[in-house]
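**Q** Can you read through this structure? Questions will come right after.
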Amino acid sequence: MRREGSAFAGAGAVMMKEFADNLSSTRMRLLELLIFLTGAGAVYATIGEVRDVVGEDPFVFLSIFTAAKAPLPSFVAFLGFFIPIVAIALGFDSVNSEFNHRTMSRVLAQPIYRDALLFGKFLSGLATLAVTLAALWLFVIGLAILLLGLPPSSEEVTRGVVFLVVAIAYGGVWLALAMLFSVAFRSAATAALAALSVWLLFAFFWSMLATLATPLLAPVDPDDVTSVLHTVAVGEGLLRLSPNTLFAETAQAVLDPSTRELGPILSTQLEGAVTAPLPIGQSVALIWPQVTGLVAGFIGLFTIAYVMFQRQEVRA
Amino acid sequence: MSDPVIRAERLTKAYGGAIAVDRLDLTVEAGEVFGLLGPNGAGKTTTILMLLGLTEPTSGRAIVAGFDPLRQPLEVKRRVGYMPDQVGFYDNLSGATNLEYTARLCGVDAKTARPRIEAALERVRLSDAARKPVRAYSRGMRQRLAIAEILMKGATIAILDEPTGGLDPQATREFLDLIRLLSKDGMTILLTSHLLELVQSVCDRVALFNRGRIGLMGRVDELLRDVLGGSHVIRVEASGDGLKQAVERVPGVARVAAADGGLRVEAGGDVRAAVARAIVEAGGNLTMIDAGHASLDDVYSQYFEEMQNAA
């Protein structure tokens with residue numbers, strides 16, 4: 001049966017209200033503080049290393065993001081860790097809090113469709129994430145300019161922007177997941193715990209599980225050399241089910257132009273290869289499947305949340 | 001008379017096997033205060049949600065303000081103000097800001113909305129608290145804020161779900177006065193309550209609801225007369241043997257039932273004197289006799305008792 005009127009009527013109003021709520025919430029303040037402190041720490045620690053190679057590395061600016069100095073991980077690793085937390089913090093109570101505060105039926109009694117509520121909430125979360133990440137990105141680059149005394153080249157800026165976009169897409173996956181749980185569970189605490197367990201699984205245990213499962217799924221045949229390749233491919237496939245892997249690979253390819261391939265490379269393939277960094281177009285081509293995977297992930301999760309929300313009873 | 005503003009035809013909602021609302025027929029005329037009365041879980045809220053298009057009926061149809069809530073929910077919701085049971089607002093925002101958000105959801109721009117919000121808050125006497133966060137509001141203030149929202153929206157129909165739920169007697173009285181005021185301005189009001197006696201004073205017509213079905217519908221005084229066979233209920237406190245039979249013989253008495261510590265007598269007129277005489281003559285000790293007013297509670301319990309006995 002066809003319904004009359006736009007599904008997006010009111011989405012803008014919802015988005016602006018949620019955006020204001022997000023930006024002014026204590027929760028966001030704390031997370032921003034935490035991120036900026038760790039980001040600044042990571043950059044400050046790596047700057048010494050980076051300074052030594054100024055003049056040798058044509059992409060010295062990008063190495064700020066990727067260089068790590070023990071015991072601190074690199075800035076990119078920090079982001080891979082923190083973006084999910086921020087996204088989960090933004091999304092885990094977005095829908096169920098409306099039920100718990102008994103505002104849901106009152107808001108839905110206004111001339112809007114439920115679609116608008118969910119779209120508005122998701123977009124506001126994504127916008128908050130984008131603003132936070134963009135601010136952090138500018139902050140790190142500014143810090144690097146100050147400490148290195150060098151401006152970034154135009155290619156470095158372009159690669160940086162591509163990285164920023166990928167980071168937002170990565171956050172979108174976790175935001176969609178958190179919102180899915182906020183639709184599925186009426187209790188905000190349950191939704192938060194569920195989202196955090198998924199995050200824990202992918203952040204810490206997934207690589208272990210993949211390592212354990214690969215020989216079972218694709219055992220190496222000692223008589224067949226090509227079976228080794230097959231095993232490696234299966235292992236990588238398993239790892240790439242995790243958004244964290246996709247993000248890490250993308251960051252590596254975008255921020256380190258000397259990355260030519262994300263999978264195994266045979267020595268025959270290296271024969272006669274020109275040892276020069278890849279142009280940015282080629283780097284983007286290299287990460288295209290990963291980015292597609294991330295975007296598909298968040299569209300898929302959002303769709304599940306959307307369908308569940310449409311079928312939910314309004315009464316609390 | 002003009003077309004009814006709310007009309008439901010054989011509206012049915014089933015959750016799995018359980019039927020929440022069963023072939024409901026209902027019409028509410030413009031300007032009426034209509035009470036949907038019944039115990040919790042009788043299907044009142046489900047009916048309202050179907051009228052607003054927030055829940056899809058399993059079968060049957062409804063027309064609200066000339067629109068089909070299923071296919072044109074936005075048109076319906078533009079004209080209907082809804083106050084849910086235990087209405088909630090965003091606690092961290094002020095009352096006025098909450099209404100501004102509603103105005104934006106309704107597509108009203110801030111400039112047009114501001115005077116409307118002020119007028120609405122003035123109307124429900126919340127102007128002083130307008131800038132305070134809702135978390136500081138009492139239950140009664142939240143309910144009044146919900147009414148302000150309906151006024152601000154310019155709705156012609158107000159649907160109030162358990163509007164007096166959880167209010168103290170003073171707040172309840174004030175709230176009922178507010179409902180009368182809205183009605184006087186020509187707003188059509190559909191309200192639900194499980195406190196029958198409380199709302200019988202404000203409703204023009206009521207429907208008594210039980211287990212998803214409307215048992216009785218009509219004007220309060222008509223129901224009292226039709227169901228109770230007379231609008232006089234006399235409470236008697238007396239001790240002695242055979243009093244019930246003695247009172248039943250009094251002319252005009254329709255029904256006598258044993259109540260705690262005495263009898264409950266239903267009669268066509270004021271038969272207190274005759275009843276008192278009958279008790280004394282039968283050798284009973286009469287300690288009190290009181291002409292209580294018949295209420296919807298009596299109608300309700302009697303009607304559904306009869307239904308249950310018949311079933």
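Residues in the structure tokens are numbered from 1 in each chain, the chains being A, B, ... in the order shown, and ligands are numbered from 1 in the order shown.
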Could you list, as a PyMOL selection string, every residue within 12 Å of range 222-224 of chain B, counting only C-alpha atoms and ignoring same-chain residues fewer than 2 positions away?
**A** chain B and resi 200+204-208+215-220+226-233+266-268+293-303
**Q** Excluding Val76 in chain B and its own-chain neighbours fewer than 3 positions away, which residues fall within 8 Å of it when counting only C-alpha atoms? Please give them as number ranges by chain.
**A** A: 111; B: 52, 64-65, 67-69, 72-73, 79-80
**Q** Any idea which chain A residues end up within 9 Å of chain B if we count only C-alpha atoms, as a VMD selection string please?
**A** chain A and resid 1 to 6 9 to 14 17 98 100 to 113 313 to 315
**Q** So that I can see what lies close to Ala178 in chain A, please list as a list in words the residues with an atom at most 7 Å from it, counting only C-alpha atoms and leaving out residues fewer than 5 positions away in the same chain.
**A**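 Counting only C-alpha atoms, the residues come to Ile88, Gly91, Phe92 and Ala195 of chain A.
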**Q** Would you kindly return, as a VMD selection string, each protein, DNA or RNA residue with an atom no farther than 10 Å from any atom of Val265 in chain B, considering only C-alpha atoms and excluding same-chain residues fewer than 6 positions away?
**A** chain B and resid 232 to 236 244 247 to 248 253 to 259 271 to 272 275 291 to 292
**Q** For the residues in that selection, give me C-alpha atoms as an mmCIF file, in the first residue's frame.
**A**
data_model
loop_
_atom_site.group_PDB
_atom_site.id
_atom_site.type_symbol
_atom_site.label_atom_id
_atom_site.label_comp_id
_atom_site.auth_asym_id
_atom_site.auth_seq_id
_atom_site.Cartn_x
_atom_site.Cartn_y
_atom_site.Cartn_z
ATOM 1 C CA HIS B 232 -30.566 5.933 42.252
ATOM 2 C CA VAL B 233 -28.225 3.775 44.232
ATOM 3 C CA ILE B 234 -28.775 3.616 47.961
ATOM 4 C CA ARG B 235 -26.189 2.364 50.354
ATOM 5 C CA VAL B 236 -27.561 0.812 53.521
ATOM 6 C CA LYS B 244 -32.343 -8.425 51.790
ATOM 7 C CA VAL B 247 -35.892 -4.587 51.074
ATOM 8 C CA GLU B 248 -36.524 -6.381 47.795
ATOM 9 C CA VAL B 253 -36.534 -1.260 44.155
ATOM 10 C CA ALA B 254 -34.905 -2.835 41.115
ATOM 11 C CA ARG B 255 -32.049 -4.759 42.600
ATOM 12 C CA VAL B 256 -30.523 -5.504 45.989
ATOM 13 C CA ALA B 257 -27.027 -6.779 46.454
ATOM 14 C CA ALA B 258 -25.077 -7.522 49.589
ATOM 15 C CA ALA B 259 -22.264 -5.051 50.032
ATOM 16 C CA VAL B 271 -36.932 5.172 48.186
ATOM 17 C CA ARG B 272 -34.836 5.785 51.281
ATOM 18 C CA VAL B 275 -36.326 1.096 52.707
ATOM 19 C CA ALA B 291 -28.278 8.081 48.697
ATOM 20 C CA GLY B 292 -25.009 7.653 46.810
#
**Q** Any idea what's packed within 8 Å of range 35-46 of chain A, counting only C-alpha atoms, ignoring anything in its chain fewer than 5 positions away? Could you give it as a PDB file with N, CA and C atoms, in the first residue's frame?
**A**
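The new file around30.pdb reads:
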ATOM      1  N   ILE A  64      54.072  10.796   9.723  1.00  0.00           N
ATOM      2  CA  ILE A  64      53.585  11.192  11.050  1.00  0.00           C
ATOM      3  C   ILE A  64      52.423  10.298  11.470  1.00  0.00           C
ATOM      4  N   PHE A  65      51.580   9.979  10.486  1.00  0.00           N
ATOM      5  CA  PHE A  65      50.392   9.185  10.797  1.00  0.00           C
ATOM      6  C   PHE A  65      50.744   7.732  11.077  1.00  0.00           C
ATOM      7  N   ALA A  67      54.085   6.289  11.541  1.00  0.00           N
ATOM      8  CA  ALA A  67      55.260   5.892  12.323  1.00  0.00           C
ATOM      9  C   ALA A  67      54.853   5.590  13.758  1.00  0.00           C
ATOM     10  N   ALA A  68      55.487   4.572  14.319  1.00  0.00           N
ATOM     11  CA  ALA A  68      55.200   4.220  15.705  1.00  0.00           C
ATOM     12  C   ALA A  68      56.491   4.208  16.488  1.00  0.00           C
ATOM     13  N   LYS A  69      56.424   4.660  17.733  1.00  0.00           N
ATOM     14  CA  LYS A  69      57.606   4.581  18.585  1.00  0.00           C
ATOM     15  C   LYS A  69      57.173   3.874  19.858  1.00  0.00           C
ATOM     16  N   LEU A  72      54.328   3.507  22.373  1.00  0.00           N
ATOM     17  CA  LEU A  72      53.085   4.036  21.815  1.00  0.00           C
ATOM     18  C   LEU A  72      52.846   3.484  20.423  1.00  0.00           C
ATOM     19  N   PRO A  73      51.581   3.133  20.101  1.00  0.00           N
ATOM     20  CA  PRO A  73      51.279   2.722  18.728  1.00  0.00           C
ATOM     21  C   PRO A  73      51.211   3.953  17.825  1.00  0.00           C
ATOM     22  N   SER A  74      51.133   3.711  16.526  1.00  0.00           N
ATOM     23  CA  SER A  74      51.064   4.843  15.599  1.00  0.00           C
ATOM     24  C   SER A  74      49.705   5.531  15.713  1.00  0.00           C
ATOM     25  N   PHE A  75      49.643   6.726  15.147  1.00  0.00           N
ATOM     26  CA  PHE A  75      48.411   7.498  15.187  1.00  0.00           C
ATOM     27  C   PHE A  75      47.276   6.746  14.488  1.00  0.00           C
ATOM     28  N   PHE A  78      45.953   4.119  16.684  1.00  0.00           N
ATOM     29  CA  PHE A  78      45.098   4.755  17.689  1.00  0.00           C
ATOM     30  C   PHE A  78      43.690   4.985  17.143  1.00  0.00           C
ATOM     31  N   PHE A  82      40.081   3.892  18.384  1.00  0.00           N
ATOM     32  CA  PHE A  82      39.171   4.853  19.015  1.00  0.00           C
ATOM     33  C   PHE A  82      37.922   5.174  18.210  1.00  0.00           C
ATOM     34  N   LEU A 136      40.367  16.639  14.507  1.00  0.00           N
ATOM     35  CA  LEU A 136      41.557  15.908  14.954  1.00  0.00           C
ATOM     36  C   LEU A 136      42.621  15.892  13.858  1.00  0.00           C
ATOM     37  N   VAL A 140      46.345  17.446  14.119  1.00  0.00           N
ATOM     38  CA  VAL A 140      47.579  16.674  13.954  1.00  0.00           C
ATOM     39  C   VAL A 140      48.464  17.305  12.880  1.00  0.00           C
ATOM     40  N   ALA A 144      52.110  18.922  13.337  1.00  0.00           N
ATOM     41  CA  ALA A 144      53.254  18.455  12.562  1.00  0.00           C
ATOM     42  C   ALA A 144      53.943  19.620  11.864  1.00  0.00           C
TER      43      ALA A 144
END
**Q** Distance CA of Gly240 in chain B-CA of Ala273 in chain B, one decimal place?
**A**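 It comes out at 18.1 Å.
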**Q** For Glu174 in chain B, work out the shell of residues within 12 Å, counting only C-alpha atoms and skipping chain neighbours fewer than 6 positions away, then give it as a list in words.
**A**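 So, after excluding close chain neighbours, the residues are Val124, Arg125, Gly140, Met141, Gln143, Arg144, Pro163, Thr164, Leu167, Asp168, Arg180 and Leu181 of chain B.
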**Q** Can you tell me, as number ranges by chain, what residues are no more than 9 Å from Met152 in chain B when counting only C-alpha atoms, ignoring any on the same chain fewer than 5 positions away?
**A** B: 99, 103, 113, 116-121, 147
**Q** Record the distance separating CA of Gly262 in chain B and CA of Ala238 in chain B, expressed in Å with one decimal.
**A** 5.4 Å
**Q** Determine which residues of range 16-119 of chain A receive a DSSP assignment of alpha helix (DSSP H), computed from the backbone, and state them as a ChimeraX atom specification.
**A** /A:16-24,26-52,60-66,75-91,96-100,104-108,114-119
**Q** Quick one: write out the picked residues with C-alpha atoms as an mmCIF file, in the first residue's frame?
**A**
data_model
loop_
_atom_site.group_PDB
_atom_site.id
_atom_site.type_symbol
_atom_site.label_atom_id
_atom_site.label_comp_id
_atom_site.auth_asym_id
_atom_site.auth_seq_id
_atom_site.Cartn_x
_atom_site.Cartn_y
_atom_site.Cartn_z
ATOM 1 C CA MET A 16 19.841 19.287 13.661
ATOM 2 C CA LYS A 17 18.428 18.512 17.100
ATOM 3 C CA GLU A 18 20.479 15.329 17.489
ATOM 4 C CA PHE A 19 23.580 17.047 16.154
ATOM 5 C CA ALA A 20 23.244 19.783 18.765
ATOM 6 C CA ASP A 21 22.649 17.149 21.458
ATOM 7 C CA ASN A 22 25.707 15.170 20.377
ATOM 8 C CA LEU A 23 28.024 18.131 20.269
ATOM 9 C CA SER A 24 26.944 19.465 23.636
ATOM 10 C CA THR A 26 29.278 15.488 28.312
ATOM 11 C CA ARG A 27 29.919 12.079 26.834
ATOM 12 C CA MET A 28 31.305 13.639 23.634
ATOM 13 C CA ARG A 29 33.419 16.145 25.567
ATOM 14 C CA LEU A 30 35.146 13.357 27.457
ATOM 15 C CA LEU A 31 35.773 11.300 24.336
ATOM 16 C CA GLU A 32 37.116 14.287 22.437
ATOM 17 C CA LEU A 33 39.484 15.087 25.276
ATOM 18 C CA LEU A 34 40.694 11.506 25.358
ATOM 19 C CA ILE A 35 41.211 11.356 21.600
ATOM 20 C CA PHE A 36 43.024 14.647 21.382
ATOM 21 C CA LEU A 37 45.332 13.737 24.235
ATOM 22 C CA THR A 38 46.230 10.347 22.811
ATOM 23 C CA GLY A 39 46.493 11.754 19.280
ATOM 24 C CA ALA A 40 48.812 14.509 20.463
ATOM 25 C CA GLY A 41 50.818 11.995 22.474
ATOM 26 C CA ALA A 42 51.238 9.646 19.537
ATOM 27 C CA VAL A 43 52.288 12.417 17.175
ATOM 28 C CA TYR A 44 54.619 13.999 19.673
ATOM 29 C CA ALA A 45 56.313 10.672 20.305
ATOM 30 C CA THR A 46 56.802 9.867 16.627
ATOM 31 C CA ILE A 47 57.961 13.309 15.612
ATOM 32 C CA GLY A 48 61.505 12.589 16.809
ATOM 33 C CA GLU A 49 61.762 9.548 14.543
ATOM 34 C CA VAL A 50 60.272 11.365 11.630
ATOM 35 C CA ARG A 51 62.588 14.317 12.007
ATOM 36 C CA ASP A 52 65.603 12.087 11.368
ATOM 37 C CA VAL A 60 57.618 12.705 5.480
ATOM 38 C CA PHE A 61 54.338 14.257 6.459
ATOM 39 C CA LEU A 62 52.380 11.080 5.957
ATOM 40 C CA SER A 63 54.812 9.130 8.094
ATOM 41 C CA ILE A 64 53.585 11.192 11.050
ATOM 42 C CA PHE A 65 50.392 9.185 10.797
ATOM 43 C CA THR A 66 51.971 5.793 10.375
ATOM 44 C CA PHE A 75 48.411 7.498 15.187
ATOM 45 C CA VAL A 76 46.580 5.340 12.638
ATOM 46 C CA ALA A 77 46.519 2.414 15.059
ATOM 47 C CA PHE A 78 45.098 4.755 17.689
ATOM 48 C CA LEU A 79 42.356 5.793 15.314
ATOM 49 C CA GLY A 80 41.550 2.204 14.392
ATOM 50 C CA PHE A 81 41.036 1.682 18.085
ATOM 51 C CA PHE A 82 39.171 4.853 19.015
ATOM 52 C CA ILE A 83 36.855 5.510 16.094
ATOM 53 C CA PRO A 84 34.686 2.468 16.954
ATOM 54 C CA ILE A 85 34.434 3.643 20.567
ATOM 55 C CA VAL A 86 33.307 7.107 19.547
ATOM 56 C CA ALA A 87 30.839 5.694 17.028
ATOM 57 C CA ILE A 88 29.415 3.277 19.595
ATOM 58 C CA ALA A 89 29.156 6.082 22.158
ATOM 59 C CA LEU A 90 27.190 8.122 19.617
ATOM 60 C CA GLY A 91 24.842 5.356 18.585
ATOM 61 C CA ASN A 96 16.090 3.097 22.758
ATOM 62 C CA SER A 97 16.520 6.308 24.742
ATOM 63 C CA GLU A 98 13.472 7.698 22.933
ATOM 64 C CA PHE A 99 11.488 4.764 24.251
ATOM 65 C CA ASN A 100 13.000 4.994 27.719
ATOM 66 C CA MET A 104 8.996 8.111 20.966
ATOM 67 C CA SER A 105 5.228 8.029 20.584
ATOM 68 C CA ARG A 106 4.966 11.789 21.052
ATOM 69 C CA VAL A 107 7.580 12.498 18.386
ATOM 70 C CA LEU A 108 6.099 9.974 15.979
ATOM 71 C CA ARG A 114 9.670 6.929 11.308
ATOM 72 C CA ASP A 115 12.134 6.816 8.438
ATOM 73 C CA ALA A 116 12.904 10.454 9.068
ATOM 74 C CA LEU A 117 13.731 9.763 12.704
ATOM 75 C CA LEU A 118 16.213 7.017 11.877
ATOM 76 C CA PHE A 119 17.789 8.871 8.941
#
**Q** Mind pulling up the distance from CA of Lys13 in chain B to CA of Arg61 in chain B?
**A**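 Between these atoms lies a distance of 10.8 Å.
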**Q** Identify which of the residues B:Val250, B:Ala148, B:Leu11, B:Ala158 lies closest to Gly31 in chain B, counting only C-alpha atoms when measuring atom-to-atom distances.
**A** B:Ala158
